[in-house]
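J.: Structure file target-v5.cif (mmCIF, C-alpha atoms (C1' of nucleotides)) right here:
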```cif
data_query
#
loop_
_atom_site.label_atom_id
_atom_site.label_comp_id
_atom_site.auth_asym_id
_atom_site.auth_seq_id
_atom_site.Cartn_x
_atom_site.Cartn_y
_atom_site.Cartn_z
CA MET A 210 0.00 0.00 0.00
CA PRO A 211 1.20 3.47 -0.78
CA ARG A 212 2.23 5.83 2.00
CA VAL A 213 -0.03 8.59 3.25
CA GLY A 214 2.74 11.16 3.53
CA LEU A 215 1.99 12.66 6.87
CA THR A 216 3.80 15.66 8.22
CA ARG A 217 3.87 17.28 11.56
CA ASP A 218 2.23 20.34 10.02
CA THR A 219 -0.37 18.26 8.23
CA LEU A 220 -1.30 16.59 11.48
CA VAL A 221 -1.47 19.76 13.53
CA SER A 222 -3.52 21.54 10.90
CA ALA A 223 -5.92 18.63 10.55
CA ALA A 224 -6.15 18.40 14.32
CA ALA A 225 -7.14 22.05 14.51
CA ASP A 226 -9.87 21.52 11.92
CA LEU A 227 -10.99 18.42 13.77
CA ALA A 228 -11.16 20.39 17.01
CA ASP A 229 -13.41 22.93 15.33
CA GLU A 230 -15.69 20.11 14.21
CA ILE A 231 -15.92 17.86 17.25
CA GLY A 232 -14.66 20.14 20.03
CA PHE A 233 -11.15 20.56 21.35
CA ASP A 234 -11.65 18.21 24.28
CA HIS A 235 -12.91 15.43 22.05
CA LEU A 236 -9.75 15.65 20.00
CA THR A 237 -7.94 12.35 20.33
CA LEU A 238 -5.02 10.63 18.64
CA ALA A 239 -7.28 7.77 17.66
CA VAL A 240 -9.79 9.90 15.79
CA LEU A 241 -7.02 11.94 14.16
CA ALA A 242 -5.32 8.77 12.97
CA GLU A 243 -8.60 7.43 11.67
CA ARG A 244 -9.06 10.58 9.61
CA PHE A 245 -5.89 9.69 7.72
CA GLY A 246 -6.61 5.96 7.57
CA VAL A 247 -3.66 5.23 9.78
CA ARG A 248 -3.06 3.55 13.15
CA ASP A 249 -2.69 5.84 16.14
CA ALA A 250 0.74 4.47 16.93
CA SER A 251 1.88 5.76 13.55
CA LEU A 252 1.38 9.34 14.63
CA TYR A 253 4.26 9.08 17.05
CA THR A 254 6.78 9.45 14.24
CA HIS A 255 5.56 13.01 13.73
CA VAL A 256 4.31 13.98 17.15
CA ARG A 257 5.71 13.26 20.55
CA GLY A 258 2.33 12.43 22.03
CA LEU A 259 -1.08 13.85 22.77
CA THR A 260 0.24 16.72 24.85
CA ASP A 261 2.60 17.72 22.09
CA LEU A 262 -0.25 17.68 19.58
CA LEU A 263 -2.59 19.72 21.74
CA GLU A 264 0.10 22.26 22.52
CA SER A 265 0.87 22.55 18.82
CA VAL A 266 -2.80 23.15 18.03
CA ALA A 267 -2.87 25.81 20.72
CA LEU A 268 0.16 27.56 19.27
CA LEU A 269 -1.27 27.35 15.76
CA ALA A 270 -4.50 28.86 17.00
CA HIS A 271 -2.61 31.67 18.70
CA ASP A 272 -0.74 32.44 15.51
CA GLU A 273 -3.78 32.42 13.27
CA TRP A 274 -5.67 34.53 15.75
CA ALA A 275 -2.85 37.04 16.01
CA ASP A 276 -2.87 37.32 12.23
CA THR A 277 -6.55 38.19 11.99
CA LEU A 278 -6.37 40.59 14.93
CA GLY A 279 -3.31 42.27 13.46
CA ARG A 280 -5.09 42.72 10.15
CA ALA A 281 -8.12 44.12 11.95
CA VAL A 282 -6.30 46.96 13.66
CA ALA A 283 -3.89 47.72 10.80
CA GLY A 284 -4.57 51.16 9.37
CA ARG A 285 -7.29 51.98 11.88
CA SER A 286 -7.33 53.91 15.11
CA GLY A 287 -9.69 54.90 17.91
CA HIS A 288 -13.25 53.66 17.72
CA ALA A 289 -12.77 52.08 14.31
CA ALA A 290 -9.78 50.08 15.52
CA LEU A 291 -11.60 49.04 18.67
CA THR A 292 -14.67 47.71 16.88
CA ALA A 293 -12.60 46.02 14.20
CA PHE A 294 -10.51 44.30 16.85
CA ALA A 295 -13.53 43.37 18.89
CA ASP A 296 -15.46 41.95 15.98
CA ALA A 297 -12.46 40.01 14.72
CA TYR A 298 -11.97 38.64 18.22
CA ARG A 299 -15.52 37.43 18.59
CA ALA A 300 -15.69 36.16 15.02
CA PHE A 301 -12.65 33.99 15.62
CA ALA A 302 -14.11 32.61 18.80
CA THR A 303 -17.50 31.75 17.36
CA GLY A 304 -16.23 30.67 13.94
CA ASN A 305 -13.43 28.46 15.26
CA PRO A 306 -14.67 27.02 18.53
CA GLY A 307 -12.06 24.29 18.62
CA ARG A 308 -9.17 26.63 17.97
CA TYR A 309 -10.58 29.09 20.45
CA ALA A 310 -10.78 26.43 23.14
CA ALA A 311 -7.24 25.37 22.26
CA THR A 312 -6.19 28.90 23.08
CA ARG A 313 -6.71 28.14 26.73
CA TYR A 314 -4.77 24.90 26.77
CA PRO A 315 -1.82 25.16 29.16
CA VAL A 316 1.20 25.26 26.87
CA SER A 317 4.59 24.70 28.47
CA PRO A 318 6.34 27.98 29.28
CA GLU A 319 9.28 27.17 27.00
CA ARG A 320 7.19 26.57 23.91
CA LEU A 321 5.02 29.54 24.74
CA ALA A 322 8.07 31.76 25.00
CA ALA A 323 9.34 30.47 21.67
CA SER A 324 6.13 31.42 19.92
CA THR A 325 5.09 34.91 18.92
CA GLY A 326 1.32 34.38 18.83
CA VAL A 327 0.34 35.47 22.31
CA THR A 328 2.60 38.48 22.41
CA ARG A 329 1.37 39.55 18.98
CA ILE A 330 -2.22 39.42 20.21
CA ILE A 331 -1.38 41.57 23.20
CA GLU A 332 0.65 43.90 21.03
CA ALA A 333 -2.33 44.36 18.74
CA CYS A 334 -4.31 45.21 21.82
CA TYR A 335 -1.79 47.83 22.86
CA ALA A 336 -1.71 49.13 19.29
CA LEU A 337 -5.41 49.86 19.23
CA LEU A 338 -5.00 51.81 22.45
CA ARG A 339 -2.66 54.29 20.79
CA GLY A 340 -5.58 56.39 19.62
CA TYR A 341 -6.75 56.83 23.21
CA ASP A 342 -3.38 57.90 24.49
CA LEU A 343 -2.91 56.18 27.80
CA VAL A 344 0.38 55.84 29.62
CA GLU A 345 1.52 53.02 31.89
CA PRO A 346 0.31 51.56 34.07
CA ASP A 347 -3.05 52.68 32.71
CA ALA A 348 -2.37 51.11 29.35
CA THR A 349 -1.86 47.69 30.92
CA ASP A 350 -4.98 48.08 33.00
CA ALA A 351 -6.90 49.01 29.86
CA VAL A 352 -5.51 46.08 27.88
CA ARG A 353 -6.53 43.74 30.66
CA LEU A 354 -10.00 45.24 30.73
CA LEU A 355 -10.40 44.87 26.98
CA ARG A 356 -9.16 41.30 26.92
CA SER A 357 -11.34 40.37 29.88
CA THR A 358 -14.47 41.74 28.32
CA PHE A 359 -13.85 40.24 24.91
CA HIS A 360 -12.81 36.89 26.26
CA GLY A 361 -15.57 36.75 28.84
CA PHE A 362 -18.28 37.54 26.36
CA SER A 363 -16.97 35.13 23.74
CA ASP A 364 -16.52 32.37 26.24
CA LEU A 365 -19.90 32.77 27.85
CA GLU A 366 -21.43 32.83 24.39
CA ALA A 367 -19.58 29.66 23.44
CA VAL A 368 -20.74 27.87 26.59
CA GLY A 369 -24.31 29.02 26.05
CA GLY A 370 -24.22 31.24 29.12
CA PHE A 371 -26.44 33.92 27.62
CA THR A 372 -30.03 32.84 27.65
CA ALA A 373 -32.01 36.06 27.97
CA ASP A 374 -34.28 36.94 25.09
CA ARG A 375 -32.16 39.76 23.75
CA ASP A 376 -30.15 39.98 20.56
CA LEU A 377 -26.56 38.99 21.31
CA ASP A 378 -25.08 41.19 18.60
CA ALA A 379 -26.79 44.20 20.14
CA SER A 380 -25.40 43.41 23.57
CA TRP A 381 -21.98 42.97 22.02
CA GLN A 382 -22.13 46.36 20.32
CA ARG A 383 -23.18 47.89 23.58
CA ALA A 384 -20.26 46.31 25.37
CA VAL A 385 -17.81 47.56 22.75
CA ASN A 386 -19.29 51.05 22.91
CA ALA A 387 -19.06 50.98 26.68
CA LEU A 388 -15.38 50.13 26.39
CA HIS A 389 -14.90 52.99 23.96
CA HIS A 390 -16.59 55.32 26.39
CA THR A 391 -14.38 54.04 29.19
CA LEU A 392 -11.22 54.50 27.17
CA THR A 393 -12.09 58.04 26.13
CA ASN A 394 -12.94 59.01 29.71
CA TRP A 395 -10.21 57.00 31.38
CA SER A 396 -8.99 59.89 33.54
CA GLN A 397 -12.37 60.11 35.27
CA ILE A 398 -12.18 56.55 36.51
CA MET B 148 -14.53 -5.15 56.70
CA PRO B 149 -16.81 -2.34 57.77
CA ARG B 150 -18.65 -0.31 55.20
CA VAL B 151 -17.55 3.14 54.17
CA GLY B 152 -21.07 4.54 54.05
CA LEU B 153 -20.92 6.49 50.86
CA THR B 154 -23.68 8.78 49.74
CA ARG B 155 -24.34 10.56 46.55
CA ASP B 156 -23.87 13.85 48.36
CA THR B 157 -20.68 12.68 50.05
CA LEU B 158 -19.26 11.74 46.69
CA VAL B 159 -20.22 14.93 44.93
CA SER B 160 -18.91 17.08 47.74
CA ALA B 161 -15.63 15.18 47.91
CA ALA B 162 -15.36 15.36 44.14
CA ALA B 163 -15.70 19.14 44.28
CA ASP B 164 -12.94 19.38 46.86
CA LEU B 165 -10.81 17.04 44.80
CA ALA B 166 -11.38 19.20 41.74
CA ASP B 167 -10.12 22.21 43.67
CA GLU B 168 -7.01 20.28 44.59
CA ILE B 169 -6.02 18.53 41.38
CA GLY B 170 -8.02 20.44 38.78
CA PHE B 171 -11.47 19.73 37.43
CA ASP B 172 -10.21 17.98 34.31
CA HIS B 173 -8.06 15.62 36.33
CA LEU B 174 -11.09 14.55 38.30
CA THR B 175 -11.66 10.86 37.64
CA LEU B 176 -13.74 8.09 39.12
CA ALA B 177 -10.60 6.13 39.92
CA VAL B 178 -9.00 8.86 42.02
CA LEU B 179 -12.28 9.64 43.74
CA ALA B 180 -12.75 5.98 44.63
CA GLU B 181 -9.20 5.80 45.90
CA ARG B 182 -9.86 8.71 48.23
CA PHE B 183 -12.51 6.59 49.94
CA GLY B 184 -10.50 3.38 49.79
CA VAL B 185 -13.04 1.84 47.47
CA ARG B 186 -13.02 0.36 43.98
CA ASP B 187 -14.20 2.63 41.20
CA ALA B 188 -16.91 0.21 40.20
CA SER B 189 -18.43 0.71 43.63
CA LEU B 190 -19.23 4.32 42.85
CA TYR B 191 -21.85 3.26 40.36
CA THR B 192 -24.33 2.49 43.13
CA HIS B 193 -24.40 6.19 43.98
CA VAL B 194 -23.63 7.85 40.70
CA ARG B 195 -24.73 6.98 37.21
CA GLY B 196 -21.28 7.48 35.77
CA LEU B 197 -18.58 10.05 35.21
CA THR B 198 -20.84 12.47 33.36
CA ASP B 199 -23.37 12.36 36.14
CA LEU B 200 -20.67 13.09 38.70
CA LEU B 201 -19.21 16.00 36.76
CA GLU B 202 -22.61 17.49 36.16
CA SER B 203 -23.40 17.19 39.85
CA VAL B 204 -20.18 18.96 40.77
CA ALA B 205 -21.05 21.70 38.30
CA LEU B 206 -24.49 22.16 39.84
CA LEU B 207 -23.05 22.17 43.35
CA ALA B 208 -20.54 24.81 42.32
CA HIS B 209 -23.30 26.91 40.81
CA ASP B 210 -25.30 26.72 44.01
CA GLU B 211 -22.42 27.56 46.33
CA TRP B 212 -21.39 30.39 44.08
CA ALA B 213 -24.89 31.78 43.97
CA ASP B 214 -24.95 31.72 47.77
CA THR B 215 -21.79 33.78 48.15
CA LEU B 216 -22.82 36.22 45.45
CA GLY B 217 -26.25 36.61 46.99
CA ARG B 218 -24.72 37.34 50.38
CA ALA B 219 -22.37 39.85 48.78
CA VAL B 220 -25.08 42.03 47.27
CA ALA B 221 -27.56 41.67 50.13
CA GLY B 222 -28.05 44.97 51.90
CA ARG B 223 -25.85 46.91 49.51
CA SER B 224 -26.49 49.04 46.46
CA GLY B 225 -24.66 51.04 43.85
CA HIS B 226 -20.89 51.07 43.97
CA ALA B 227 -20.75 49.11 47.22
CA ALA B 228 -22.89 46.33 45.78
CA LEU B 229 -20.86 46.26 42.59
CA THR B 230 -17.51 45.93 44.30
CA ALA B 231 -18.82 43.39 46.78
CA PHE B 232 -20.23 41.30 43.95
CA ALA B 233 -17.10 41.66 41.89
CA ASP B 234 -14.76 40.73 44.71
CA ALA B 235 -16.89 37.77 45.73
CA TYR B 236 -16.93 36.65 42.11
CA ARG B 237 -13.19 36.76 41.69
CA ALA B 238 -12.53 35.32 45.14
CA PHE B 239 -14.66 32.31 44.31
CA ALA B 240 -12.85 31.80 41.04
CA THR B 241 -9.36 32.04 42.46
CA GLY B 242 -10.14 30.28 45.74
CA ASN B 243 -12.02 27.38 44.20
CA PRO B 244 -10.41 26.74 40.84
CA GLY B 245 -11.92 23.30 40.46
CA ARG B 246 -15.42 24.42 41.25
CA TYR B 247 -14.96 27.43 39.02
CA ALA B 248 -13.88 25.24 36.12
CA ALA B 249 -16.82 22.95 36.82
CA THR B 250 -19.03 25.96 36.28
CA ARG B 251 -18.32 25.73 32.59
CA TYR B 252 -19.00 22.03 32.27
CA PRO B 253 -21.88 21.48 29.82
CA VAL B 254 -24.73 20.32 32.06
CA SER B 255 -27.73 18.77 30.33
CA PRO B 256 -30.52 21.31 29.77
CA GLU B 257 -32.98 19.33 31.88
CA ARG B 258 -30.79 19.23 34.97
CA LEU B 259 -29.78 22.83 34.44
CA ALA B 260 -33.41 23.87 34.30
CA ALA B 261 -34.15 21.92 37.48
CA SER B 262 -31.43 23.79 39.36
CA THR B 263 -31.65 27.32 40.68
CA GLY B 264 -27.94 28.12 40.82
CA VAL B 265 -27.42 29.79 37.47
CA THR B 266 -30.59 31.82 37.61
CA ARG B 267 -29.78 32.95 41.14
CA ILE B 268 -26.37 34.17 39.99
CA ILE B 269 -27.93 36.17 37.20
CA GLU B 270 -30.61 37.46 39.53
CA ALA B 271 -27.94 38.69 41.93
CA CYS B 272 -26.40 40.45 38.98
CA TYR B 273 -29.71 42.14 38.14
CA ALA B 274 -30.17 42.98 41.80
CA LEU B 275 -26.95 44.95 42.01
CA LEU B 276 -28.05 46.94 38.98
CA ARG B 277 -31.07 48.30 40.79
CA GLY B 278 -29.00 51.14 42.19
CA TYR B 279 -28.11 52.29 38.69
CA ASP B 280 -31.67 52.27 37.47
CA LEU B 281 -31.58 50.80 34.01
CA VAL B 282 -34.57 49.53 32.10
CA GLU B 283 -34.75 46.73 29.58
CA PRO B 284 -33.13 45.98 27.30
CA ASP B 285 -30.34 48.04 28.80
CA ALA B 286 -30.38 46.02 32.00
CA THR B 287 -29.74 42.80 30.12
CA ASP B 288 -26.96 44.41 28.14
CA ALA B 289 -25.44 45.66 31.36
CA VAL B 290 -25.69 42.26 33.04
CA ARG B 291 -23.98 40.68 30.08
CA LEU B 292 -21.25 43.26 30.20
CA LEU B 293 -20.68 42.71 33.91
CA ARG B 294 -20.61 38.95 33.63
CA SER B 295 -18.31 39.10 30.63
CA THR B 296 -15.80 41.32 32.36
CA PHE B 297 -15.82 39.38 35.61
CA HIS B 298 -15.66 36.02 33.96
CA GLY B 299 -13.08 37.07 31.41
CA PHE B 300 -10.76 38.52 34.01
CA SER B 301 -11.12 35.59 36.37
CA ASP B 302 -10.64 33.06 33.62
CA LEU B 303 -7.61 34.75 32.11
CA GLU B 304 -6.15 35.02 35.58
CA ALA B 305 -6.77 31.32 36.21
CA VAL B 306 -5.13 30.33 32.94
CA GLY B 307 -2.17 32.59 33.62
CA GLY B 308 -3.07 34.91 30.78
CA PHE B 309 -1.86 38.03 32.53
CA THR B 310 1.88 38.26 32.45
CA ALA B 311 2.61 41.98 32.46
CA ASP B 312 4.51 43.32 35.44
CA ARG B 313 1.58 45.12 37.00
CA ASP B 314 -0.33 44.32 40.17
CA LEU B 315 -3.38 42.24 39.30
CA ASP B 316 -5.47 43.55 42.15
CA ALA B 317 -4.93 47.10 40.96
CA SER B 318 -6.02 46.18 37.44
CA TRP B 319 -9.06 44.46 38.87
CA GLN B 320 -10.06 47.52 40.88
CA ARG B 321 -9.64 49.62 37.79
CA ALA B 322 -11.88 47.28 35.82
CA VAL B 323 -14.56 47.39 38.50
CA ASN B 324 -14.38 51.17 38.69
CA ALA B 325 -14.62 51.36 34.91
CA LEU B 326 -17.78 49.30 35.07
CA HIS B 327 -19.17 51.58 37.75
CA HIS B 328 -18.43 54.55 35.54
CA THR B 329 -20.10 52.85 32.60
CA LEU B 330 -23.20 52.02 34.61
CA THR B 331 -23.59 55.54 35.99
CA ASN B 332 -23.17 57.07 32.54
CA TRP B 333 -25.08 54.43 30.65
CA SER B 334 -27.24 56.90 28.74
CA GLN B 335 -24.18 58.43 27.10
CA ILE B 336 -23.18 55.15 25.53
"C1'" DG C 45 20.85 -1.12 -7.59
"C1'" DA C 46 22.44 -1.31 -2.71
"C1'" DA C 47 22.48 0.99 1.62
"C1'" DA C 48 20.40 4.12 4.68
"C1'" DA C 49 16.58 6.64 6.41
"C1'" DA C 50 12.03 7.28 7.25
"C1'" DA C 51 7.00 5.94 7.44
"C1'" DC C 52 3.97 2.91 8.93
"C1'" DC C 53 2.57 -1.53 11.16
"C1'" DT C 54 1.59 -5.23 14.79
"C1'" DA C 55 1.74 -6.52 19.57
"C1'" DG C 56 1.19 -5.38 24.01
"C1'" DG C 57 0.96 -2.82 28.64
"C1'" DG C 58 -1.26 0.59 31.58
"C1'" DC C 59 -5.03 3.53 32.80
"C1'" DT C 60 -9.95 4.81 32.69
"C1'" DA C 61 -15.06 4.08 32.22
"C1'" DT C 62 -18.51 0.82 32.33
"C1'" DT C 63 -21.41 -3.56 32.91
"C1'" DA C 64 -22.70 -7.99 35.07
"C1'" DG C 65 -23.16 -10.64 38.67
"C1'" DG C 66 -21.66 -12.27 43.38
"C1'" DA C 67 -20.57 -11.72 48.46
"C1'" DA C 68 -20.90 -9.29 52.55
"C1'" DT C 69 -23.23 -6.09 55.56
"C1'" DG C 70 -27.19 -3.60 57.25
"C1'" DT C 71 -32.20 -3.36 58.11
"C1'" DT C 72 -36.90 -4.91 58.79
"C1'" DA C 73 -40.44 -8.09 60.14
"C1'" DT C 74 -41.99 -11.78 62.54
"C1'" DA D 283 -33.45 -13.70 67.82
"C1'" DT D 284 -33.71 -14.97 63.38
"C1'" DA D 285 -35.26 -15.11 58.75
"C1'" DA D 286 -36.03 -12.30 54.70
"C1'" DC D 287 -34.76 -8.58 52.32
"C1'" DA D 288 -32.27 -4.51 50.60
"C1'" DT D 289 -28.19 -2.28 49.89
"C1'" DT D 290 -23.29 -1.67 49.74
"C1'" DC D 291 -19.31 -3.02 47.98
"C1'" DC D 292 -16.63 -6.53 45.54
"C1'" DT D 293 -14.40 -9.29 41.61
"C1'" DA D 294 -14.22 -10.17 36.74
"C1'" DA D 295 -14.35 -8.74 32.26
"C1'" DT D 296 -14.79 -5.55 28.05
"C1'" DA D 297 -13.74 -1.57 25.46
"C1'" DG D 298 -11.32 2.69 24.36
"C1'" DC D 299 -7.46 5.60 24.80
"C1'" DC D 300 -2.30 6.76 25.23
"C1'" DC D 301 2.01 5.08 24.66
"C1'" DT D 302 6.40 1.91 23.94
"C1'" DA D 303 9.06 -1.59 21.51
"C1'" DG D 304 10.38 -3.65 17.73
"C1'" DG D 305 9.52 -5.26 12.95
"C1'" DT D 306 8.41 -4.32 7.68
"C1'" DT D 307 7.98 -1.79 3.91
"C1'" DT D 308 8.46 2.21 1.26
"C1'" DT D 309 11.20 6.07 -0.11
"C1'" DT D 310 15.45 8.47 -0.52
"C1'" DT D 311 20.39 8.78 -1.34
"C1'" DC D 312 24.63 7.60 -3.14
#
```
The structure given in the file should be rewritten as structure tokens.
T.:
Amino acid sequence: MPRVGLTRDTLVSAAADLADEIGFDHLTLAVLAERFGVRDASLYTHVRGLTDLLESVALLAHDEWADTLGRAVAGRSGHAALTAFADAYRAFATGNPGRYAATRYPVSPERLAASTGVTRIIEACYALLRGYDLVEPDATDAVRLLRSTFHGFSDLEAVGGFTADRDLDASWQRAVNALHHTLTNWSQI
Amino acid sequence: MPRVGLTRDTLVSAAADLADEIGFDHLTLAVLAERFGVRDASLYTHVRGLTDLLESVALLAHDEWADTLGRAVAGRSGHAALTAFADAYRAFATGNPGRYAATRYPVSPERLAASTGVTRIIEACYALLRGYDLVEPDATDAVRLLRSTFHGFSDLEAVGGFTADRDLDASWQRAVNALHHTLTNWSQI
DNA sequence: GAAAAAACCTAGGGCTATTAGGAATGTTAT
DNA sequence: ATAACATTCCTAATAGCCCTAGGTTTTTTC
């Protein structure tokens, strides 16, 4: 029989897609192997184990996410940058549930330090703040507030935590506008 | 040999404590059984299976959380109620990581509907808004904003998402004050 | 085309969840 | 008190997953 031609990248990429389909915590070596018509033991030539695979998916997700967020804020500032960032953030979370969940997988500090994804996301967050001119430590406080709100909303939405009979998009816009208001009036807080 | 005298409640309570110690996703029937010096198969007389146990822990966590949040807002209003709620929220998350993680376990809709925990949490959230006098749909938007910020911050903190060299408590206070500012100036948003 | 490297396989061990059925311990009724 | 019953906990066994060890086969390299 011919050889499938697996690669580490092929596996990680397919695993990320699989996570989006069946959920990150249902991602298993067995089901990934099955997708390629291969035995699970065969994956160990390309991947050190399940942990390695999951960490790799997490890092991939970070990178892809950083890309879209970076594109969102590029060339924009102030309110426009904020809404673009916010919408890109939420769109990634809802459109790629598996990757988004992977984002919270505990990657080893070494691998995390070797990757640029996370820092690029936070940098994009700082970048969008430039229009509001805040100085440290206010900028860090503001970044943490933004990330908390965006992440909290996206996560609660993903878990089905919002049940009230009210349009979610409207609530989201309100939240983003509230953040804009906060950032423009930061000195009064 | 004498009998251990297990109960469904004993198991669920011990499982919650265990989750706080070793992490919710390391909670397993085997380790729970071991804690009682019992075989894992013996747990099935009290619990339908792993899913049942995890769901029960989630519901317990919801209830306990609702209790503390309810106590926090009782007798307070406005800024005092907000900070009390916020601090109780974060304290629960950081002090009970296993229970907090359990909170996001997907409980079946039927069991969720039969429990009062989640609704009591949201009610406490609405209650603290009374001091800011908002009417629907603004109140729902505001509740969603509050929950998003609190949950996002707590979750990012739990995952180790905040790495900047800046006191976390200070950032938290800032976030809470920002929310207070938003709620008092809601009409301008 | 032979040697070396790499991809993939089979076999098997360990851990977990789960089911089936048996033994031991409480409890209730007479 | 003792017989009948109910319940707790057990052993045994299956299945699925992660993972290791070592063998075969394909591909590459010279």
J.: Evaluate the PyMOL selection byres ((chain A) within 7 of (chain B)) against this structure - the residues, as a list in words, please.
T.: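 Applying the expression gives Arg313, Asp350, Leu354, Ser357, Thr358, His360, Gly361, Phe362, Val368, Ser380, Arg383, Ala384, Asn386, Ala387, His390, Thr391 and Ile398 of chain A.
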J.: CA of Asp226 (chain A) to CA of Gly245 (chain B): how many Å, to one decimal?
T.: 28.7 Å
J.: Hey, list the chain C side of the contact with chain A: 10 Å cut-off, only C-alpha atoms (C1' of nucleotides), answer as a list in words.
T.: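 For chain C, the answer reads DA50, DA51, DC52, DC53 and DT54 of chain C.
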J.: Could you give me, as a PyMOL selection string, the residues that have an atom at most 9 Å away from the point (-10.3, 37.7, 17.2) in the coordinates of the file, using all atoms listed in the file?
T.: chain A and resi 274-278+281+294-302+330+359
J.: Include C-alpha atoms and write out the residues we just selected as a short mmCIF file (atom, residue, chain, number, x, y, z; two decimals), in the frame of the given file.
T.:
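Saved as out07.cif:
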```
data_model
loop_
_atom_site.label_atom_id
_atom_site.label_comp_id
_atom_site.auth_asym_id
_atom_site.auth_seq_id
_atom_site.Cartn_x
_atom_site.Cartn_y
_atom_site.Cartn_z
CA TRP A 274 -5.67 34.53 15.75
CA ALA A 275 -2.85 37.04 16.01
CA ASP A 276 -2.87 37.32 12.23
CA THR A 277 -6.55 38.19 11.99
CA LEU A 278 -6.37 40.59 14.93
CA ALA A 281 -8.12 44.12 11.95
CA PHE A 294 -10.51 44.30 16.85
CA ALA A 295 -13.53 43.37 18.89
CA ASP A 296 -15.46 41.95 15.98
CA ALA A 297 -12.46 40.01 14.72
CA TYR A 298 -11.97 38.64 18.22
CA ARG A 299 -15.52 37.43 18.59
CA ALA A 300 -15.69 36.16 15.02
CA PHE A 301 -12.65 33.99 15.62
CA ALA A 302 -14.11 32.61 18.80
CA ILE A 330 -2.22 39.42 20.21
CA PHE A 359 -13.85 40.24 24.91
#
```
J.: Taking all atoms listed in the file into account and nothing else, which residues of chain D lie no more than 10 Å away from chain B? Please answer as an MDAnalysis selection string.
T.: chainID D and resid 289:293
J.: Please measure the separation of C1' of DT60 (chain C) and C1' of DT296 (chain D), giving the value in Å to one decimal.
T.: 12.3 Å
J.: Once the PyMOL selection byres ((chain D and resi 311) around 12) has been evaluated on this model, what residues remain selected, and can you format them as number ranges by chain?
T.: C: 45-49; D: 309-310, 312
J.: Could you turn the residues from that selection into a file that holds C-alpha atoms (C1' of nucleotides), as a PDB file, in the frame of the given file?
T.:
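Just written: out-v3.pdb:
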```
ATOM      1  C1'  DG C  45      20.850  -1.120  -7.590  1.00  0.00           C
ATOM      2  C1'  DA C  46      22.440  -1.310  -2.710  1.00  0.00           C
ATOM      3  C1'  DA C  47      22.480   0.990   1.620  1.00  0.00           C
ATOM      4  C1'  DA C  48      20.400   4.120   4.680  1.00  0.00           C
ATOM      5  C1'  DA C  49      16.580   6.640   6.410  1.00  0.00           C
TER       6       DA C  49
ATOM      7  C1'  DT D 309      11.200   6.070  -0.110  1.00  0.00           C
ATOM      8  C1'  DT D 310      15.450   8.470  -0.520  1.00  0.00           C
ATOM      9  C1'  DC D 312      24.630   7.600  -3.140  1.00  0.00           C
TER      10       DC D 312
END
```
